[in-house]
file model-v3.pdb (PDB, C-alpha atoms)
ATOM      1  CA  MET A   7     114.600  87.571  69.778
ATOM      2  CA  THR A   8     112.415  90.135  71.548
ATOM      3  CA  ALA A   9     113.190  90.701  75.236
ATOM      4  CA  ALA A  10     110.408  89.929  77.681
ATOM      5  CA  ILE A  11     108.384  92.927  78.773
ATOM      6  CA  VAL A  12     108.189  93.406  82.542
ATOM      7  CA  THR A  13     104.945  94.975  83.731
ATOM      8  CA  ALA A  14     103.678  96.484  86.957
ATOM      9  CA  SER A  15     100.627  97.951  88.614
ATOM     10  CA  ILE A  16     100.053 100.142  91.645
ATOM     11  CA  LEU A  17      97.324  99.700  94.241
ATOM     12  CA  VAL A  18      96.823 102.821  96.367
ATOM     13  CA  ILE A  19      94.973 102.017  99.565
ATOM     14  CA  GLY A  20      93.249 104.548 101.771
ATOM     15  CA  ASP A  21      90.019 106.438 102.392
ATOM     16  CA  GLU A  22      92.060 109.626 102.795
ATOM     17  CA  ILE A  23      93.128 109.488  99.141
ATOM     18  CA  LEU A  24      89.585 108.977  97.872
ATOM     19  CA  SER A  25      88.205 111.755 100.077
ATOM     20  CA  GLY A  26      90.823 114.205  98.827
ATOM     21  CA  ARG A  27      92.132 114.839 102.321
ATOM     22  CA  THR A  28      95.520 113.449 101.291
ATOM     23  CA  LYS A  29      96.923 114.210  97.840
ATOM     24  CA  ASP A  30      98.772 111.237  96.373
ATOM     25  CA  LYS A  31     102.451 111.888  95.687
ATOM     26  CA  ASN A  32     103.497 108.300  95.103
ATOM     27  CA  ILE A  33     102.021 107.307  91.740
ATOM     28  CA  GLY A  34     104.094 109.679  89.628
ATOM     29  CA  TYR A  35     107.260 108.887  91.567
ATOM     30  CA  ILE A  36     106.828 105.125  91.174
ATOM     31  CA  ALA A  37     105.922 105.500  87.484
ATOM     32  CA  GLU A  38     109.116 107.430  86.701
ATOM     33  CA  TYR A  39     111.203 105.081  88.836
ATOM     34  CA  LEU A  40     109.894 101.962  87.086
ATOM     35  CA  THR A  41     110.233 103.491  83.621
ATOM     36  CA  ALA A  42     113.899 104.197  84.344
ATOM     37  CA  LEU A  43     114.335 100.515  85.258
ATOM     38  CA  GLY A  44     112.657  99.216  82.107
ATOM     39  CA  ILE A  45     109.413  98.186  83.825
ATOM     40  CA  ASP A  46     106.125  99.205  82.193
ATOM     41  CA  LEU A  47     103.520 100.576  84.595
ATOM     42  CA  ARG A  48     100.225  99.400  83.097
ATOM     43  CA  GLU A  49      97.540 100.125  85.673
ATOM     44  CA  VAL A  50      96.806 102.100  88.843
ATOM     45  CA  ARG A  51      93.851 101.538  91.159
ATOM     46  CA  VAL A  52      92.755 103.383  94.292
ATOM     47  CA  VAL A  53      90.623 101.525  96.823
ATOM     48  CA  PRO A  54      89.168 102.391 100.244
ATOM     49  CA  ASP A  55      90.069 100.819 103.573
ATOM     50  CA  ILE A  56      87.622  97.965 102.993
ATOM     51  CA  GLU A  57      89.189  94.526 103.199
ATOM     52  CA  ASP A  58      87.080  92.782 100.540
ATOM     53  CA  GLU A  59      87.763  95.545  98.012
ATOM     54  CA  ILE A  60      91.497  95.445  98.725
ATOM     55  CA  VAL A  61      91.536  91.650  98.358
ATOM     56  CA  ALA A  62      89.645  91.780  95.056
ATOM     57  CA  ALA A  63      92.032  94.380  93.636
ATOM     58  CA  LEU A  64      95.070  92.469  94.903
ATOM     59  CA  ASP A  65      93.911  89.248  93.266
ATOM     60  CA  ALA A  66      93.162  90.923  89.942
ATOM     61  CA  LEU A  67      96.363  92.953  89.673
ATOM     62  CA  ARG A  68      98.874  90.402  90.969
ATOM     63  CA  ARG A  69      97.675  87.869  88.417
ATOM     64  CA  ARG A  70      97.730  90.314  85.523
ATOM     65  CA  TYR A  71     101.152  91.937  85.942
ATOM     66  CA  THR A  72     104.730  90.961  86.769
ATOM     67  CA  TYR A  73     104.666  93.105  89.915
ATOM     68  CA  LEU A  74     102.057  94.768  92.085
ATOM     69  CA  PHE A  75     103.173  97.643  94.309
ATOM     70  CA  THR A  76     100.836  98.736  97.091
ATOM     71  CA  THR A  77     101.044 101.947  99.083
ATOM     72  CA  GLY A  78      99.262 102.766 102.313
ATOM     73  CA  GLY A  79      97.536 100.875 105.084
ATOM     74  CA  ILE A  80     100.482  99.401 107.015
ATOM     75  CA  GLY A  81     100.476 101.764 109.987
ATOM     76  CA  PRO A  82      99.437 101.225 113.626
ATOM     77  CA  THR A  83      95.727 102.133 113.521
ATOM     78  CA  HIS A  84      92.555 100.052 113.188
ATOM     79  CA  ASP A  85      92.032 101.022 109.531
ATOM     80  CA  ASP A  86      95.530  99.947 108.493
ATOM     81  CA  ILE A  87      94.435  96.603 107.082
ATOM     82  CA  THR A  88      96.695  96.031 104.075
ATOM     83  CA  ALA A  89      98.596  93.194 105.763
ATOM     84  CA  ASP A  90      95.293  91.527 106.671
ATOM     85  CA  ALA A  91      94.085  91.825 103.085
ATOM     86  CA  VAL A  92      97.309  90.439 101.587
ATOM     87  CA  ALA A  93      97.202  87.466 103.963
ATOM     88  CA  LYS A  94      93.582  86.832 102.973
ATOM     89  CA  ALA A  95      94.350  87.135  99.258
ATOM     90  CA  PHE A  96      97.165  84.574  99.519
ATOM     91  CA  LYS A  97      95.240  82.417 102.009
ATOM     92  CA  VAL A  98      98.072  82.435 104.562
ATOM     93  CA  PRO A  99      98.039  83.317 108.276
ATOM     94  CA  LEU A 100      99.055  86.736 109.548
ATOM     95  CA  GLU A 101     101.796  86.361 112.140
ATOM     96  CA  PHE A 102     104.034  88.514 114.315
ATOM     97  CA  HIS A 103     107.324  88.453 112.436
ATOM     98  CA  PRO A 104     110.206  88.130 114.955
ATOM     99  CA  GLU A 105     112.524  90.437 113.020
ATOM    100  CA  ALA A 106     109.769  93.015 112.542
ATOM    101  CA  VAL A 107     109.020  92.898 116.279
ATOM    102  CA  ARG A 108     112.703  93.436 117.045
ATOM    103  CA  ILE A 109     113.046  96.354 114.633
ATOM    104  CA  ILE A 110     109.934  98.125 115.864
ATOM    105  CA  SER A 111     110.776  97.470 119.535
ATOM    106  CA  GLU A 112     114.280  98.896 119.127
ATOM    107  CA  ARG A 113     112.900 101.911 117.334
ATOM    108  CA  ALA A 114     110.354 102.518 120.087
ATOM    109  CA  LYS A 115     113.051 102.228 122.761
ATOM    110  CA  ALA A 116     115.331 104.630 120.904
ATOM    111  CA  MET A 117     112.498 107.126 120.597
ATOM    112  CA  GLY A 118     111.530 106.761 124.249
ATOM    113  CA  THR A 119     108.055 105.445 123.391
ATOM    114  CA  GLU A 120     106.093 102.420 124.525
ATOM    115  CA  MET A 121     105.975  99.213 122.519
ATOM    116  CA  ASN A 122     102.193  99.044 122.773
ATOM    117  CA  GLU A 123      99.460  97.129 120.955
ATOM    118  CA  ALA A 124      99.209  99.708 118.172
ATOM    119  CA  ARG A 125     102.910  99.489 117.325
ATOM    120  CA  MET A 126     102.787  95.697 117.506
ATOM    121  CA  ARG A 127     100.192  95.790 114.710
ATOM    122  CA  MET A 128     102.960  96.907 112.361
ATOM    123  CA  ALA A 129     104.886  93.693 113.090
ATOM    124  CA  ARG A 130     102.075  91.510 111.709
ATOM    125  CA  ILE A 131     103.322  90.041 108.430
ATOM    126  CA  PRO A 132     101.706  87.385 106.191
ATOM    127  CA  LYS A 133     103.429  84.022 106.569
ATOM    128  CA  GLY A 134     106.138  83.500 103.975
ATOM    129  CA  ALA A 135     106.649  87.193 103.208
ATOM    130  CA  ALA A 136     110.100  88.804 103.203
ATOM    131  CA  LEU A 137     110.563  92.106 104.970
ATOM    132  CA  VAL A 138     111.285  95.308 103.055
ATOM    133  CA  ALA A 139     113.525  97.501 105.181
ATOM    134  CA  ASN A 140     112.443 100.982 106.228
ATOM    135  CA  LYS A 141     115.470 103.175 106.863
ATOM    136  CA  VAL A 142     113.330 106.211 107.606
ATOM    137  CA  SER A 143     111.012 105.199 110.432
ATOM    138  CA  GLY A 144     111.755 101.559 111.192
ATOM    139  CA  ALA A 145     108.479  99.705 110.601
ATOM    140  CA  PRO A 146     109.103  97.479 107.554
ATOM    141  CA  GLY A 147     107.069  96.766 104.483
ATOM    142  CA  PHE A 148     107.070  93.284 102.988
ATOM    143  CA  GLN A 149     107.024  91.289  99.771
ATOM    144  CA  LEU A 150     104.992  88.142  99.180
ATOM    145  CA  ASP A 151     105.463  86.567  95.759
ATOM    146  CA  ASN A 152     105.081  89.455  93.275
ATOM    147  CA  VAL A 153     103.249  91.799  95.666
ATOM    148  CA  ILE A 154     105.400  94.518  97.229
ATOM    149  CA  VAL A 155     103.743  96.288 100.145
ATOM    150  CA  MET A 156     105.029  99.762 101.007
ATOM    151  CA  ALA A 157     104.084 102.662 103.236
ATOM    152  CA  GLY A 158     101.941 105.527 102.024
ATOM    153  CA  ILE A 159     104.201 108.250 103.441
ATOM    154  CA  PRO A 160     106.223 109.370 100.394
ATOM    155  CA  THR A 161     109.653 109.525 102.043
ATOM    156  CA  VAL A 162     109.191 106.061 103.540
ATOM    157  CA  MET A 163     107.803 104.616 100.303
ATOM    158  CA  GLN A 164     110.762 106.013  98.356
ATOM    159  CA  ALA A 165     113.242 104.467 100.774
ATOM    160  CA  MET A 166     111.477 101.097 100.495
ATOM    161  CA  LEU A 167     111.480 101.295  96.701
ATOM    162  CA  ASP A 168     115.238 101.868  96.764
ATOM    163  CA  ILE A 169     115.629  98.678  98.799
ATOM    164  CA  VAL A 170     113.430  96.598  96.484
ATOM    165  CA  ALA A 171     114.666  97.922  93.131
ATOM    166  CA  PRO A 172     117.884  95.848  92.856
ATOM    167  CA  THR A 173     115.844  92.639  93.215
ATOM    168  CA  LEU A 174     113.374  93.359  90.420
ATOM    169  CA  LYS A 175     113.366  91.809  86.986
ATOM    170  CA  THR A 176     113.741  94.498  84.352
ATOM    171  CA  GLY A 177     113.137  94.739  80.625
ATOM    172  CA  VAL A 178     114.537  96.815  77.793
ATOM    173  CA  LYS A 179     114.096 100.475  78.634
ATOM    174  CA  MET A 180     111.662 102.546  76.627
ATOM    175  CA  VAL A 181     113.298 105.465  74.812
ATOM    176  CA  SER A 182     111.282 108.556  73.957
ATOM    177  CA  GLU A 183     111.639 111.667  71.830
ATOM    178  CA  THR A 184     109.399 114.729  71.622
ATOM    179  CA  VAL A 185     108.514 116.573  68.418
ATOM    180  CA  ARG A 186     106.971 120.028  68.731
ATOM    181  CA  ALA A 187     104.183 120.185  66.174
ATOM    182  CA  ASP A 188     103.569 123.942  66.008
ATOM    183  CA  ALA A 189     100.003 122.995  65.120
ATOM    184  CA  ARG A 190      96.804 122.321  67.019
ATOM    185  CA  GLU A 191      96.044 118.751  68.007
ATOM    186  CA  GLY A 192      92.927 118.789  65.840
ATOM    187  CA  ASP A 193      94.983 119.810  62.807
ATOM    188  CA  VAL A 194      97.152 116.693  62.928
ATOM    189  CA  GLY A 195      94.973 114.099  64.671
ATOM    190  CA  THR A 196      93.862 112.089  61.639
ATOM    191  CA  GLU A 197      97.282 112.068  59.978
ATOM    192  CA  LEU A 198      98.980 111.179  63.260
ATOM    193  CA  GLY A 199      96.671 108.188  63.574
ATOM    194  CA  ALA A 200      97.839 106.976  60.179
ATOM    195  CA  VAL A 201     101.477 107.294  61.236
ATOM    196  CA  ALA A 202     100.772 105.365  64.438
ATOM    197  CA  LYS A 203      99.050 102.590  62.461
ATOM    198  CA  ALA A 204     102.118 102.320  60.226
ATOM    199  CA  HIS A 205     104.378 101.840  63.259
ATOM    200  CA  PRO A 206     102.626  99.273  65.496
ATOM    201  CA  ASP A 207     105.728  98.666  67.631
ATOM    202  CA  VAL A 208     106.015 102.345  68.534
ATOM    203  CA  ILE A 209     103.867 104.285  71.013
ATOM    204  CA  ILE A 210     102.883 107.676  69.619
ATOM    205  CA  GLY A 211     100.965 110.171  71.722
ATOM    206  CA  SER A 212      99.896 113.782  71.296
ATOM    207  CA  TYR A 213      99.831 116.226  74.188
ATOM    208  CA  PRO A 214      98.273 119.658  73.714
ATOM    209  CA  PHE A 215      99.667 122.700  75.505
ATOM    210  CA  PHE A 216      99.285 126.470  75.293
ATOM    211  CA  ASP A 217     102.158 128.539  73.969
ATOM    212  CA  ASP A 218     102.188 132.146  75.166
ATOM    213  CA  LYS A 219     103.221 133.398  71.719
ATOM    214  CA  LEU A 220     101.602 130.964  69.281
ATOM    215  CA  GLY A 221      98.563 129.895  71.306
ATOM    216  CA  PRO A 222      97.293 126.278  71.228
ATOM    217  CA  ASN A 223     100.068 123.869  70.305
ATOM    218  CA  THR A 224     100.920 120.179  70.478
ATOM    219  CA  ASN A 225     103.848 118.011  71.509
ATOM    220  CA  ILE A 226     104.044 114.619  69.835
ATOM    221  CA  VAL A 227     105.883 112.013  71.901
ATOM    222  CA  VAL A 228     107.326 108.930  70.200
ATOM    223  CA  ARG A 229     108.324 105.988  72.418
ATOM    224  CA  ALA A 230     109.940 102.658  71.511
ATOM    225  CA  ARG A 231     112.368 100.052  72.799
ATOM    226  CA  GLU A 232     114.337  99.801  69.557
ATOM    227  CA  PRO A 233     116.222 102.960  68.468
ATOM    228  CA  GLU A 234     115.848 102.246  64.765
ATOM    229  CA  LYS A 235     112.062 101.918  65.063
ATOM    230  CA  LEU A 236     111.954 105.130  67.111
ATOM    231  CA  ALA A 237     113.971 106.964  64.445
ATOM    232  CA  ALA A 238     111.764 105.708  61.610
ATOM    233  CA  ALA A 239     108.577 106.739  63.407
ATOM    234  CA  ARG A 240     109.963 110.150  64.295
ATOM    235  CA  ALA A 241     110.948 110.729  60.674
ATOM    236  CA  ASP A 242     107.415 109.895  59.536
ATOM    237  CA  VAL A 243     105.940 112.207  62.197
ATOM    238  CA  GLU A 244     108.141 115.072  61.041
ATOM    239  CA  ALA A 245     107.305 114.420  57.375
ATOM    240  CA  MET A 246     103.601 114.333  58.217
ATOM    241  CA  LEU A 247     103.822 117.639  60.092
ATOM    242  CA  LYS A 248     105.568 119.240  57.132
ATOM    243  CA  ARG A 249     102.806 118.077  54.761
ATOM    244  CA  VAL A 250      99.978 119.141  57.045
ATOM    245  CA  LYS A 251     101.409 122.590  57.701
ATOM    246  CA  ALA A 252     102.033 123.088  53.985
ATOM    247  CA  GLN A 253      98.384 122.229  53.316
ATOM    248  CA  MET A 254      97.266 124.569  56.096
ATOM    249  CA  GLY A 255      99.310 127.355  54.521
ATOM    250  CA  ALA A 256      97.725 126.652  51.140
ATOM    251  CA  TRP A 257      94.223 126.778  52.642
ATOM    252  CA  LYS A 258      94.939 130.095  54.324
ATOM    253  CA  GLY A 259      96.315 131.540  51.108
ATOM    254  CA  SER A 260      93.394 130.441  48.948
TER
END
call {"tool": "encode", "arguments": {"input": "model-v3.pdb", "output": "structure tokens"}}
result
Amino acid sequence: MTAAIVTASILVIGDEILSGRTKDKNIGYIAEYLTALGIDLREVRVVPDIEDEIVAALDALRRRYTYLFTTGGIGPTHDDITADAVAKAFKVPLEFHPEAVRIISERAKAMGTEMNEARMRMARIPKGAALVANKVSGAPGFQLDNVIVMAGIPTVMQAMLDIVAPTLKTGVKMVSETVRADAREGDVGTELGAVAKAHPDVIIGSYPFFDDKLGPNTNIVVRAREPEKLAAARADVEAMLKRVKAQMGAWKGS
């Protein structure tokens, strides 16, 4: 019996990402983190601080995948509208969460700052959501159904992900192996496609790179959940490379 595959998507929220002012550092981190857990990241979207666009993306992604992780838009300013958008998507009210108010108030007091209207914005949580603790700066994220809302600041997001991870459903981890082709991608592309077609349960990708000594080269990455299928596909990749390079040598010698 095949284990269920657990899938995920990421929704990055913020004009600053789209303008290039802020360089995203969260997507790669989350992707590696989820892969290690046995969760397949299937899609990433980036949307501006426009409520209707956030809601549309939320509705599409949360229905398509097991989990939707959002980053950004839960701070104290007027354009931090992720909580508003999540509440609208789920058709629930946005309320001041008593525990969130307490956490943020205590943090403000400890820092010697005022618990003002801006900081209170961060205590607004969609009704029915559970808080996601923030051990870095206090203000929590939250989870509503399969939507996990996290900060955009990388250190805060990473801390929130550590809190959420033990609660997530996970699947069988994908195992990967890399075969160095010592050939150009164009030399092996057609034959590699045939190998991939013969192994439908295995993901086979080619990744060109430049070798300082040999010039253009290719890494072929084979990924699968079942070790025996991975081994069979790798063996066929290696056999294919041997055939292709032998043919290339014959062409050069003719």
call {"tool": "closest_atom_pairs", "arguments": {"input": "model-v3.pdb", "of": "region 23-62 of chain A", "to": "region 224-244 of chain A", "cutoff": "12 Å", "atoms": "only C-alpha atoms", "output": "Markdown table"}}
result
| residue | atom | partner | partner_atom | distance |
| --- | --- | --- | --- | --- |
| A:Thr41 | CA | A:Arg231 | CA | 11.6 |
| A:Gly44 | CA | A:Arg231 | CA | 9.3 |
| A:Ile45 | CA | A:Arg231 | CA | 11.6 |
| A:Asp46 | CA | A:Arg231 | CA | 11.3 |
call {"tool": "resolve_selection", "arguments": {"input": "model-v3.pdb", "expression": "the PyMOL selection byres ((chain A and resi 155) around 7)", "output": "PyMOL selection string"}}
result
chain A and resi 75-77+147-149+153-154+156
call {"tool": "closest_residue", "arguments": {"input": "model-v3.pdb", "among": "A:Lys29, A:Lys251, A:Arg51, A:His84", "to": "Gly158 (chain A)", "atoms": "only C-alpha atoms"}}
result
A:Lys29
call {"tool": "residues_around", "arguments": {"input": "model-v3.pdb", "residues": "region 122-128 of chain A", "least_positions_apart": "2", "cutoff": "8 Å", "atoms": "only C-alpha atoms", "output": "PyMOL selection string"}}
result
chain A and resi 80-83+102+106-107+110+120+130-131+145-146
call {"tool": "write_last_selection", "arguments": {"input": "model-v3.pdb", "atoms": "C-alpha atoms", "output": "PDB file, in the frame of the given file"}}
result
ATOM      1  CA  ILE A  80     100.482  99.401 107.015  1.00  0.00           C
ATOM      2  CA  GLY A  81     100.476 101.764 109.987  1.00  0.00           C
ATOM      3  CA  PRO A  82      99.437 101.225 113.626  1.00  0.00           C
ATOM      4  CA  THR A  83      95.727 102.133 113.521  1.00  0.00           C
ATOM      5  CA  PHE A 102     104.034  88.514 114.315  1.00  0.00           C
ATOM      6  CA  ALA A 106     109.769  93.015 112.542  1.00  0.00           C
ATOM      7  CA  VAL A 107     109.020  92.898 116.279  1.00  0.00           C
ATOM      8  CA  ILE A 110     109.934  98.125 115.864  1.00  0.00           C
ATOM      9  CA  GLU A 120     106.093 102.420 124.525  1.00  0.00           C
ATOM     10  CA  ARG A 130     102.075  91.510 111.709  1.00  0.00           C
ATOM     11  CA  ILE A 131     103.322  90.041 108.430  1.00  0.00           C
ATOM     12  CA  ALA A 145     108.479  99.705 110.601  1.00  0.00           C
ATOM     13  CA  PRO A 146     109.103  97.479 107.554  1.00  0.00           C
TER      14      PRO A 146
END
call {"tool": "residues_around", "arguments": {"input": "model-v3.pdb", "residues": "region 161-178 of chain A", "least_positions_apart": "6", "cutoff": "8 Å", "atoms": "all atoms listed in the file", "output": "PyMOL selection string"}}
result
chain A and resi 9-12+32+43-45+77+138-143+147+231
call {"tool": "resolve_selection", "arguments": {"input": "model-v3.pdb", "expression": "the PyMOL selection byres ((chain A and resi 33) around 12)", "output": "PyMOL selection string"}}
result
chain A and resi 14-19+23+29-32+34-40+47-52+75-78+158-160+163-164
call {"tool": "closest_residue", "arguments": {"input": "model-v3.pdb", "among": "A:Met180, A:Gly144, A:Asp217, A:Ala66", "to": "Lys115 (chain A)", "atoms": "all atoms listed in the file"}}
result
A:Gly144
call {"tool": "resolve_selection", "arguments": {"input": "model-v3.pdb", "expression": "the PyMOL selection byres ((chain A and resi 188) around 10)", "output": "JSON, numbers by chain"}}
result
{"A": [185, 186, 187, 189, 190, 191, 217, 220, 221, 222, 223, 224, 225, 247, 251]}
call {"tool": "atom_distance", "arguments": {"input": "model-v3.pdb", "atom1": "CA of Ala200 (chain A)", "atom2": "CA of Lys248 (chain A)"}}
result
14.8 Å
call {"tool": "atom_distance", "arguments": {"input": "model-v3.pdb", "atom1": "CA of Val201 (chain A)", "atom2": "CA of Ala42 (chain A)"}}
result
26.4 Å
call {"tool": "atom_distance", "arguments": {"input": "model-v3.pdb", "atom1": "CA of Gly192 (chain A)", "atom2": "CA of Ser212 (chain A)"}}
result
10.2 Å
call {"tool": "axis_aligned_box", "arguments": {"input": "model-v3.pdb", "around": "region 188-199 of chain A", "padding_each_side": "4 Å", "output": "JSON"}}
result
{"center_x": 98.2, "center_y": 116.1, "center_z": 64.0, "size_x": 18.6, "size_y": 23.8, "size_z": 16.0}
call {"tool": "closest_residue", "arguments": {"input": "model-v3.pdb", "among": "A:Asp193, A:Ser111, A:Thr119, A:Glu183", "to": "Ile210 (chain A)", "atoms": "all atoms listed in the file"}}
result
A:Glu183
call {"tool": "build_atoms", "arguments": {"input": "model-v3.pdb", "residues": "region 214-237 of chain A", "atoms": "N, CA and C atoms", "output": "PDB file, keeping the file's coordinate frame"}}
result
ATOM      1  N   PRO A 214      98.473 118.230  73.973  1.00  0.00           N
ATOM      2  CA  PRO A 214      98.273 119.658  73.714  1.00  0.00           C
ATOM      3  C   PRO A 214      98.789 120.528  74.852  1.00  0.00           C
ATOM      4  N   PHE A 215      99.249 121.712  74.511  1.00  0.00           N
ATOM      5  CA  PHE A 215      99.667 122.700  75.505  1.00  0.00           C
ATOM      6  C   PHE A 215      99.424 124.083  74.927  1.00  0.00           C
ATOM      7  N   PHE A 216      99.531 125.099  75.758  1.00  0.00           N
ATOM      8  CA  PHE A 216      99.285 126.470  75.293  1.00  0.00           C
ATOM      9  C   PHE A 216     100.595 127.235  75.289  1.00  0.00           C
ATOM     10  N   ASP A 217     100.954 127.738  74.134  1.00  0.00           N
ATOM     11  CA  ASP A 217     102.158 128.539  73.969  1.00  0.00           C
ATOM     12  C   ASP A 217     101.790 130.014  74.092  1.00  0.00           C
ATOM     13  N   ASP A 218     102.517 130.736  74.925  1.00  0.00           N
ATOM     14  CA  ASP A 218     102.188 132.146  75.166  1.00  0.00           C
ATOM     15  C   ASP A 218     102.236 132.990  73.899  1.00  0.00           C
ATOM     16  N   LYS A 219     103.077 132.604  72.947  1.00  0.00           N
ATOM     17  CA  LYS A 219     103.221 133.398  71.719  1.00  0.00           C
ATOM     18  C   LYS A 219     102.337 132.875  70.585  1.00  0.00           C
ATOM     19  N   LEU A 220     102.309 131.555  70.416  1.00  0.00           N
ATOM     20  CA  LEU A 220     101.602 130.964  69.281  1.00  0.00           C
ATOM     21  C   LEU A 220     100.201 130.465  69.615  1.00  0.00           C
ATOM     22  N   GLY A 221      99.874 130.398  70.909  1.00  0.00           N
ATOM     23  CA  GLY A 221      98.563 129.895  71.306  1.00  0.00           C
ATOM     24  C   GLY A 221      98.543 128.374  71.398  1.00  0.00           C
ATOM     25  N   PRO A 222      97.400 127.738  71.108  1.00  0.00           N
ATOM     26  CA  PRO A 222      97.293 126.278  71.228  1.00  0.00           C
ATOM     27  C   PRO A 222      98.332 125.557  70.384  1.00  0.00           C
ATOM     28  N   ASN A 223      98.993 124.586  70.982  1.00  0.00           N
ATOM     29  CA  ASN A 223     100.068 123.869  70.305  1.00  0.00           C
ATOM     30  C   ASN A 223     100.027 122.410  70.739  1.00  0.00           C
ATOM     31  N   THR A 224     100.924 121.619  70.188  1.00  0.00           N
ATOM     32  CA  THR A 224     100.920 120.179  70.478  1.00  0.00           C
ATOM     33  C   THR A 224     102.343 119.636  70.504  1.00  0.00           C
ATOM     34  N   ASN A 225     102.629 118.816  71.503  1.00  0.00           N
ATOM     35  CA  ASN A 225     103.848 118.011  71.509  1.00  0.00           C
ATOM     36  C   ASN A 225     103.483 116.590  71.113  1.00  0.00           C
ATOM     37  N   ILE A 226     104.242 116.016  70.222  1.00  0.00           N
ATOM     38  CA  ILE A 226     104.044 114.619  69.835  1.00  0.00           C
ATOM     39  C   ILE A 226     105.201 113.816  70.406  1.00  0.00           C
ATOM     40  N   VAL A 227     104.873 112.827  71.233  1.00  0.00           N
ATOM     41  CA  VAL A 227     105.883 112.013  71.901  1.00  0.00           C
ATOM     42  C   VAL A 227     105.922 110.632  71.260  1.00  0.00           C
ATOM     43  N   VAL A 228     107.113 110.225  70.854  1.00  0.00           N
ATOM     44  CA  VAL A 228     107.326 108.930  70.200  1.00  0.00           C
ATOM     45  C   VAL A 228     108.150 108.065  71.145  1.00  0.00           C
ATOM     46  N   ARG A 229     107.646 106.861  71.460  1.00  0.00           N
ATOM     47  CA  ARG A 229     108.324 105.988  72.418  1.00  0.00           C
ATOM     48  C   ARG A 229     108.490 104.597  71.820  1.00  0.00           C
ATOM     49  N   ALA A 230     109.682 104.011  72.019  1.00  0.00           N
ATOM     50  CA  ALA A 230     109.940 102.658  71.511  1.00  0.00           C
ATOM     51  C   ALA A 230     111.121 102.054  72.268  1.00  0.00           C
ATOM     52  N   ARG A 231     111.238 100.734  72.168  1.00  0.00           N
ATOM     53  CA  ARG A 231     112.368 100.052  72.799  1.00  0.00           C
ATOM     54  C   ARG A 231     113.546  99.909  71.845  1.00  0.00           C
ATOM     55  N   GLU A 232     113.293  99.976  70.551  1.00  0.00           N
ATOM     56  CA  GLU A 232     114.337  99.801  69.557  1.00  0.00           C
ATOM     57  C   GLU A 232     114.634 101.137  68.879  1.00  0.00           C
ATOM     58  N   PRO A 233     115.872 101.633  68.999  1.00  0.00           N
ATOM     59  CA  PRO A 233     116.222 102.960  68.468  1.00  0.00           C
ATOM     60  C   PRO A 233     115.899 103.147  66.992  1.00  0.00           C
ATOM     61  N   GLU A 234     116.098 102.096  66.191  1.00  0.00           N
ATOM     62  CA  GLU A 234     115.848 102.246  64.765  1.00  0.00           C
ATOM     63  C   GLU A 234     114.356 102.425  64.474  1.00  0.00           C
ATOM     64  N   LYS A 235     113.501 101.749  65.244  1.00  0.00           N
ATOM     65  CA  LYS A 235     112.062 101.918  65.063  1.00  0.00           C
ATOM     66  C   LYS A 235     111.614 103.292  65.544  1.00  0.00           C
ATOM     67  N   LEU A 236     112.239 103.781  66.620  1.00  0.00           N
ATOM     68  CA  LEU A 236     111.954 105.130  67.111  1.00  0.00           C
ATOM     69  C   LEU A 236     112.318 106.160  66.049  1.00  0.00           C
ATOM     70  N   ALA A 237     113.500 106.008  65.444  1.00  0.00           N
ATOM     71  CA  ALA A 237     113.971 106.964  64.445  1.00  0.00           C
ATOM     72  C   ALA A 237     113.061 106.974  63.216  1.00  0.00           C
TER      73      ALA A 237
END
